[in-house]
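Enquirer: I am attaching a structure below and will ask some questions about it afterwards.
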Amino acid sequence: LLSAVNSAAHKTSAVSGPRWTGALTQAPGAPLRPVLAAIARNPQRQDLKRNLDAARASVSIAPLHGPALGVAGLGYDAARRPTQALRAMQQADHLSRREGVAQYWLINHAIRGGDAVAALRHYDALLLTLPTAGQPLLQQMAMVTTVPQGRAAMRRYVRVDNPWFDDFLASALTTLPRAAPLGQLIEQSPHLPDQPALRPYMGELVRRLAAEKDYALLARIYPRLAHTDATALRSVALNSATVDTGYLPVSWDLGSESDFGASLVQAERGGGFAIEAFSLPGVRGITARKLVFLSPGAYLLRWRVSDKEVNRNALANWRLSCGATNQAVESSSILAGQGVQTMVFTVGANCPAWTLELMVAGGDGVSPSRVIVED
């Protein structure tokens, strides 16, 4: 469909994130507060002494008892004895990663100290041993990706044998106000897991980055995703690299509204794909669209209408719009021409990403207008 007359490379720049500690305070409920024991909520001296005495007695009777160490740590924390509290919590963690009180407290301690590696280690312990605590923890972990230190620490958990990674992706996509931090994590992780369960989340990440106009990041991570072909970034052809990949709108995004839309059919020539688009009378809509990255230069868009059934005043045309500047060019109606049709346009240096859309208006009549387009 699209061929370049002339092209040149373009450059993009990265944007640094905020500080680790500042970003974490923006998370819902962050930093985490260990509220699992009444001692942390009632620091009256006689109650504190009673609880500390009970904890010390438990530890003296069962020195390898993690819950007793956790309760003792909370007592020390309430008494403002941070060194003793940390030692008790670390001992509880050493005895068992299943000690939830200690893990929560150590997460909070790591966040206060800006230690992303330690915080994530304790998050991991909780998610592996207490799955019911998952969603709040995953939301907190999503916020970790908003800062460079957090993303660096998180990379070790982006792996195929991590049982909570798909849940993390789902939570991050709904928690983060922008998808860029998650995209940067994917970009920086050395080994991306290739699992069918992850494909919908990676597809949603691509869709979010396109919708939020983070085009440079999208172009960098797309070739790293499972079952992608980098040529799809620069092509609007109808082939296996650009259709049915699950990564919309880098692959063709076909409309599915009740009154207008499109589907893939077999092309009349060459055995490839074609787009069959329709629109009801009195309705105009975008039946198909695709994101394409173009270097500066002149381009030729070429297509062929292989079949059509249209009403009076029906219209179908291509529209190419720049994501950054809203600059747009449109073809004349493709319904009037015969054989191969073309449109020439020029891309400037200020717009690397464009969206090609097939607009169809149903015109006046009773039945839908229908057109089949192929390259």
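Chain lettering (A, B, ...) mirrors the order of the structure tokens, residue numbering begins at 1 for each chain separately, and ligand numbering begins at 1 in order of display.
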Would you please extract all helix (DSSP H, G or I) residues from stretch 86-194 of chain A, as assigned by DSSP on the backbone, and give them as a PyMOL selection string?
Expert: chain A and resi 86-95+100-112+116-129+131-144+148-157+165-175+180-188
Enquirer: Given the choices A:Asp307, A:Gly348, A:Gly337, A:Arg284, which gets closest to A:Asp364 if the distance is worked out from only C-alpha atoms?
Expert: A:Arg284
Enquirer: Where does DSSP see strand (DSSP E) in stretch 248-319 of chain A, if you list the residues as a VMD selection string?
Expert: chain A and resid 253 to 254 260 to 266 273 to 279 284 to 293 297 to 309 315 to 319
Enquirer: When distances are computed from only C-alpha atoms, which of A:Val101, A:Val117, A:Ile286, A:Ala349 shows the smallest separation from A:Ala298?
Expert: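 Selected residue with least distance to A:Ala298: A:Ala349.
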Enquirer: Taking 6 positions as the minimum chain separation for residues in the same chain, which residues sit within 10 Å of A:Ala262 when counting only C-alpha atoms? Answer as a list in words.
Expert: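 Result of the neighbour search: Asp253, Leu254, Gly255, Ser256, Ile275, Glu276, Ala277, Phe278, Ser279, Ile286, Thr287, Ala288, Leu358, Val360, Arg370, Val371 and Ile372 of chain A.
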Enquirer: How would the residues just chosen look if you wrote them out with all heavy atoms as a tab-separated table (two decimals), in the first residue's frame?
Expert:
chain	number	residue	atom	x	y	z
A	253	ASP	N	-6.32	-2.14	12.85
A	253	ASP	CA	-7.40	-2.09	13.82
A	253	ASP	C	-8.70	-1.93	13.05
A	253	ASP	O	-8.98	-0.86	12.49
A	253	ASP	CB	-7.18	-0.92	14.78
A	253	ASP	CG	-8.22	-0.87	15.89
A	253	ASP	OD1	-9.07	-1.78	15.96
A	253	ASP	OD2	-8.18	0.09	16.67
A	254	LEU	N	-9.49	-2.98	12.99
A	254	LEU	CA	-10.72	-2.99	12.19
A	254	LEU	C	-11.91	-2.66	13.06
A	254	LEU	O	-12.11	-3.25	14.12
A	254	LEU	CB	-10.91	-4.35	11.52
A	254	LEU	CG	-9.73	-4.83	10.66
A	254	LEU	CD1	-10.03	-6.20	10.07
A	254	LEU	CD2	-9.41	-3.82	9.57
A	255	GLY	N	-12.71	-1.70	12.63
A	255	GLY	CA	-13.87	-1.27	13.40
A	255	GLY	C	-14.90	-2.38	13.53
A	255	GLY	O	-15.06	-3.22	12.65
A	256	SER	N	-15.62	-2.37	14.65
A	256	SER	CA	-16.63	-3.40	14.89
A	256	SER	C	-17.91	-2.81	15.47
A	256	SER	O	-18.60	-3.44	16.28
A	256	SER	CB	-16.07	-4.47	15.84
A	256	SER	OG	-15.68	-3.88	17.08
A	275	ILE	N	-9.34	-5.60	2.88
A	275	ILE	CA	-10.24	-5.05	3.88
A	275	ILE	C	-11.63	-4.87	3.24
A	275	ILE	O	-11.76	-4.19	2.21
A	275	ILE	CB	-9.75	-3.70	4.42
A	275	ILE	CG1	-8.45	-3.89	5.20
A	275	ILE	CG2	-10.81	-3.06	5.31
A	275	ILE	CD1	-7.83	-2.59	5.66
A	276	GLU	N	-12.64	-5.49	3.85
A	276	GLU	CA	-14.02	-5.27	3.43
A	276	GLU	C	-14.68	-4.35	4.46
A	276	GLU	O	-14.86	-4.75	5.62
A	276	GLU	CB	-14.79	-6.58	3.32
A	276	GLU	CG	-16.22	-6.37	2.86
A	276	GLU	CD	-16.97	-7.67	2.62
A	276	GLU	OE1	-16.47	-8.74	3.05
A	276	GLU	OE2	-18.06	-7.61	2.01
A	277	ALA	N	-15.00	-3.13	4.05
A	277	ALA	CA	-15.55	-2.13	4.95
A	277	ALA	C	-17.01	-1.84	4.60
A	277	ALA	O	-17.40	-1.94	3.43
A	277	ALA	CB	-14.73	-0.84	4.88
A	278	PHE	N	-17.79	-1.49	5.61
A	278	PHE	CA	-19.20	-1.18	5.37
A	278	PHE	C	-19.64	-0.03	6.26
A	278	PHE	O	-19.02	0.28	7.29
A	278	PHE	CB	-20.08	-2.41	5.65
A	278	PHE	CG	-20.34	-2.62	7.13
A	278	PHE	CD1	-21.48	-2.10	7.74
A	278	PHE	CD2	-19.44	-3.32	7.91
A	278	PHE	CE1	-21.72	-2.28	9.09
A	278	PHE	CE2	-19.66	-3.51	9.27
A	278	PHE	CZ	-20.80	-2.99	9.86
A	279	SER	N	-20.71	0.61	5.85
A	279	SER	CA	-21.35	1.64	6.67
A	279	SER	C	-22.83	1.70	6.31
A	279	SER	O	-23.20	1.60	5.13
A	279	SER	CB	-20.69	3.01	6.42
A	279	SER	OG	-21.24	3.99	7.28
A	286	ILE	N	-14.94	5.59	10.96
A	286	ILE	CA	-13.61	5.05	10.67
A	286	ILE	C	-13.73	3.53	10.73
A	286	ILE	O	-13.88	2.94	11.80
A	286	ILE	CB	-12.57	5.55	11.69
A	286	ILE	CG1	-12.49	7.08	11.65
A	286	ILE	CG2	-11.20	4.94	11.41
A	286	ILE	CD1	-11.63	7.66	12.76
A	287	THR	N	-13.64	2.89	9.58
A	287	THR	CA	-13.82	1.44	9.52
A	287	THR	C	-12.53	0.67	9.76
A	287	THR	O	-12.56	-0.49	10.15
A	287	THR	CB	-14.41	1.05	8.16
A	287	THR	OG1	-13.50	1.43	7.13
A	287	THR	CG2	-15.75	1.75	7.93
A	288	ALA	N	-11.39	1.28	9.49
A	288	ALA	CA	-10.10	0.62	9.69
A	288	ALA	C	-9.04	1.69	9.90
A	288	ALA	O	-9.13	2.78	9.33
A	288	ALA	CB	-9.73	-0.27	8.50
A	358	LEU	N	-9.39	4.48	7.11
A	358	LEU	CA	-10.32	4.31	6.00
A	358	LEU	C	-11.69	4.76	6.47
A	358	LEU	O	-12.32	4.12	7.31
A	358	LEU	CB	-10.36	2.85	5.54
A	358	LEU	CG	-11.33	2.52	4.40
A	358	LEU	CD1	-11.02	3.35	3.16
A	358	LEU	CD2	-11.32	1.03	4.07
A	360	VAL	N	-15.63	5.60	5.77
A	360	VAL	CA	-16.71	5.18	4.88
A	360	VAL	C	-18.01	5.81	5.35
A	360	VAL	O	-18.35	5.76	6.54
A	360	VAL	CB	-16.86	3.64	4.84
A	360	VAL	CG1	-18.03	3.24	3.92
A	360	VAL	CG2	-15.57	2.99	4.34
A	370	ARG	N	-20.83	-0.98	0.83
A	370	ARG	CA	-19.75	-1.94	1.08
A	370	ARG	C	-18.65	-1.75	0.05
A	370	ARG	O	-18.94	-1.52	-1.15
A	370	ARG	CB	-20.31	-3.35	1.02
A	370	ARG	CG	-19.33	-4.47	1.29
A	370	ARG	CD	-19.99	-5.81	1.11
A	370	ARG	NE	-20.34	-6.02	-0.30
A	370	ARG	CZ	-19.55	-6.54	-1.22
A	370	ARG	NH1	-18.32	-6.91	-0.88
A	370	ARG	NH2	-19.95	-6.69	-2.46
A	371	VAL	N	-17.39	-1.82	0.50
A	371	VAL	CA	-16.28	-1.69	-0.42
A	371	VAL	C	-15.14	-2.60	0.03
A	371	VAL	O	-14.92	-2.77	1.24
A	371	VAL	CB	-15.79	-0.22	-0.50
A	371	VAL	CG1	-15.35	0.29	0.87
A	371	VAL	CG2	-14.66	-0.05	-1.50
A	372	ILE	N	-14.47	-3.25	-0.92
A	372	ILE	CA	-13.31	-4.10	-0.63
A	372	ILE	C	-12.07	-3.45	-1.22
A	372	ILE	O	-12.03	-3.13	-2.40
A	372	ILE	CB	-13.50	-5.52	-1.21
A	372	ILE	CG1	-14.71	-6.20	-0.57
A	372	ILE	CG2	-12.23	-6.36	-0.96
A	372	ILE	CD1	-14.96	-7.60	-1.08
Enquirer: Which value, in Å to one decimal, gives the distance between atom CA of A:Leu74 and atom CA of A:Met143?
Expert: 25.9 Å
Enquirer: Calculated over only C-alpha atoms, which of the candidates A:Gly113, A:Gly70, A:Gly75, A:Gly203 has the smallest distance to A:Asp93?
Expert: A:Gly70
Enquirer: Identify which of the residues A:Ser333, A:Ser369, A:Ser321, A:Gln149 lies closest to A:Lys308, counting only C-alpha atoms when measuring atom-to-atom distances.
Expert: A:Ser369
Enquirer: Env of A:Asn239: 12 Å cut, atoms = only C-alpha atoms, seq-sep filter 6 positions within chain, self excluded. Answer as a PyMOL selection string.
Expert: chain A and resi 1+229+231-232+245+251-252+264-267+270-275+374-375
Enquirer: Excluding A:Asp214 and residues on its chain fewer than 5 positions from it, collect all residues at most 10 Å away from it, counting only C-alpha atoms, and give them as a tab-separated table (two decimals) with C-alpha atoms, in the first residue's frame.
Expert:
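Everything below was put into selection-v4.tsv:
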chain	number	residue	atom	x	y	z
A	178	ARG	CA	0.34	6.73	32.03
A	179	ALA	CA	1.75	3.57	30.49
A	180	ALA	CA	5.26	4.96	29.86
A	183	GLY	CA	6.89	0.49	28.76
A	206	VAL	CA	0.96	-1.03	22.92
A	208	ARG	CA	-1.99	2.69	25.69
A	209	LEU	CA	1.35	3.99	24.44
A	219	ALA	CA	8.74	2.06	18.44
A	323	GLY	CA	-0.29	12.17	15.93
A	324	ALA	CA	1.89	15.05	17.14
A	353	ALA	CA	4.07	8.75	13.69
Enquirer: Using only C-alpha atoms, find the one residue out of A:Thr355, A:Asn162, A:Asn108, A:Gln103 that sits nearest to A:Pro249.
Expert: A:Thr355
Enquirer: So how far away is atom CA of A:Arg319 from atom CA of A:Leu356, in Å?
Expert: 5.8 Å
Enquirer: My list of candidates is A:Pro223, A:Pro190, A:Gly363, A:Pro296. Which is closest to A:Tyr157 when distances are computed with only C-alpha atoms?
Expert: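 Among the listed residues, the smallest separation from A:Tyr157 belongs to A:Pro190.
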Enquirer: Mind checking which residues fall within 12 Å of A:Asp124, counting only C-alpha atoms, ignoring those fewer than 6 positions away in the same chain, and posting them as a count of residues only?
Expert: 26
Enquirer: Contacts of A:Arg312 at 9 Å or less, counting only C-alpha atoms, minus same-chain residues fewer than 2 places along, as a VMD selection string?
Expert: chain A and resid 310 314 to 315 362 to 365
Enquirer: Those selected residues, please, written with all heavy atoms and delivered as an mmCIF file, in the first residue's frame.
Expert:
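Below is the file that was written, part-v3.cif:
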data_model
loop_
_atom_site.group_PDB
_atom_site.id
_atom_site.type_symbol
_atom_site.label_atom_id
_atom_site.label_comp_id
_atom_site.auth_asym_id
_atom_site.auth_seq_id
_atom_site.Cartn_x
_atom_site.Cartn_y
_atom_site.Cartn_z
ATOM 1 N N VAL A 310 -22.567 0.194 -3.342
ATOM 2 C CA VAL A 310 -22.706 1.463 -2.615
ATOM 3 C C VAL A 310 -24.022 2.151 -2.949
ATOM 4 O O VAL A 310 -24.592 1.957 -4.029
ATOM 5 C CB VAL A 310 -21.525 2.408 -2.930
ATOM 6 C CG1 VAL A 310 -20.217 1.814 -2.441
ATOM 7 C CG2 VAL A 310 -21.442 2.711 -4.414
ATOM 8 N N ALA A 314 -22.816 7.761 -1.327
ATOM 9 C CA ALA A 314 -21.851 7.060 -0.466
ATOM 10 C C ALA A 314 -20.452 7.614 -0.727
ATOM 11 O O ALA A 314 -20.145 8.125 -1.804
ATOM 12 C CB ALA A 314 -21.891 5.566 -0.731
ATOM 13 N N LEU A 315 -19.593 7.480 0.287
ATOM 14 C CA LEU A 315 -18.239 8.018 0.191
ATOM 15 C C LEU A 315 -17.284 7.105 0.935
ATOM 16 O O LEU A 315 -17.611 6.564 1.992
ATOM 17 C CB LEU A 315 -18.188 9.424 0.808
ATOM 18 C CG LEU A 315 -16.818 10.119 0.871
ATOM 19 C CD1 LEU A 315 -16.336 10.475 -0.530
ATOM 20 C CD2 LEU A 315 -16.888 11.365 1.739
ATOM 21 N N GLY A 362 -22.182 5.779 4.473
ATOM 22 C CA GLY A 362 -23.136 4.881 3.825
ATOM 23 C C GLY A 362 -24.010 5.506 2.772
ATOM 24 O O GLY A 362 -24.601 4.803 1.957
ATOM 25 N N GLY A 363 -24.133 6.850 2.759
ATOM 26 C CA GLY A 363 -24.951 7.512 1.749
ATOM 27 C C GLY A 363 -26.443 7.341 2.000
ATOM 28 O O GLY A 363 -26.874 7.103 3.137
ATOM 29 N N ASP A 364 -27.226 7.456 0.932
ATOM 30 C CA ASP A 364 -28.693 7.417 1.023
ATOM 31 C C ASP A 364 -29.200 6.099 0.446
ATOM 32 O O ASP A 364 -28.898 5.749 -0.703
ATOM 33 C CB ASP A 364 -29.311 8.574 0.237
ATOM 34 C CG ASP A 364 -28.753 9.923 0.681
ATOM 35 O OD1 ASP A 364 -28.549 10.088 1.894
ATOM 36 O OD2 ASP A 364 -28.509 10.772 -0.188
ATOM 37 N N GLY A 365 -29.969 5.365 1.212
ATOM 38 C CA GLY A 365 -30.492 4.103 0.713
ATOM 39 C C GLY A 365 -31.052 3.268 1.839
ATOM 40 O O GLY A 365 -31.323 3.761 2.940
#
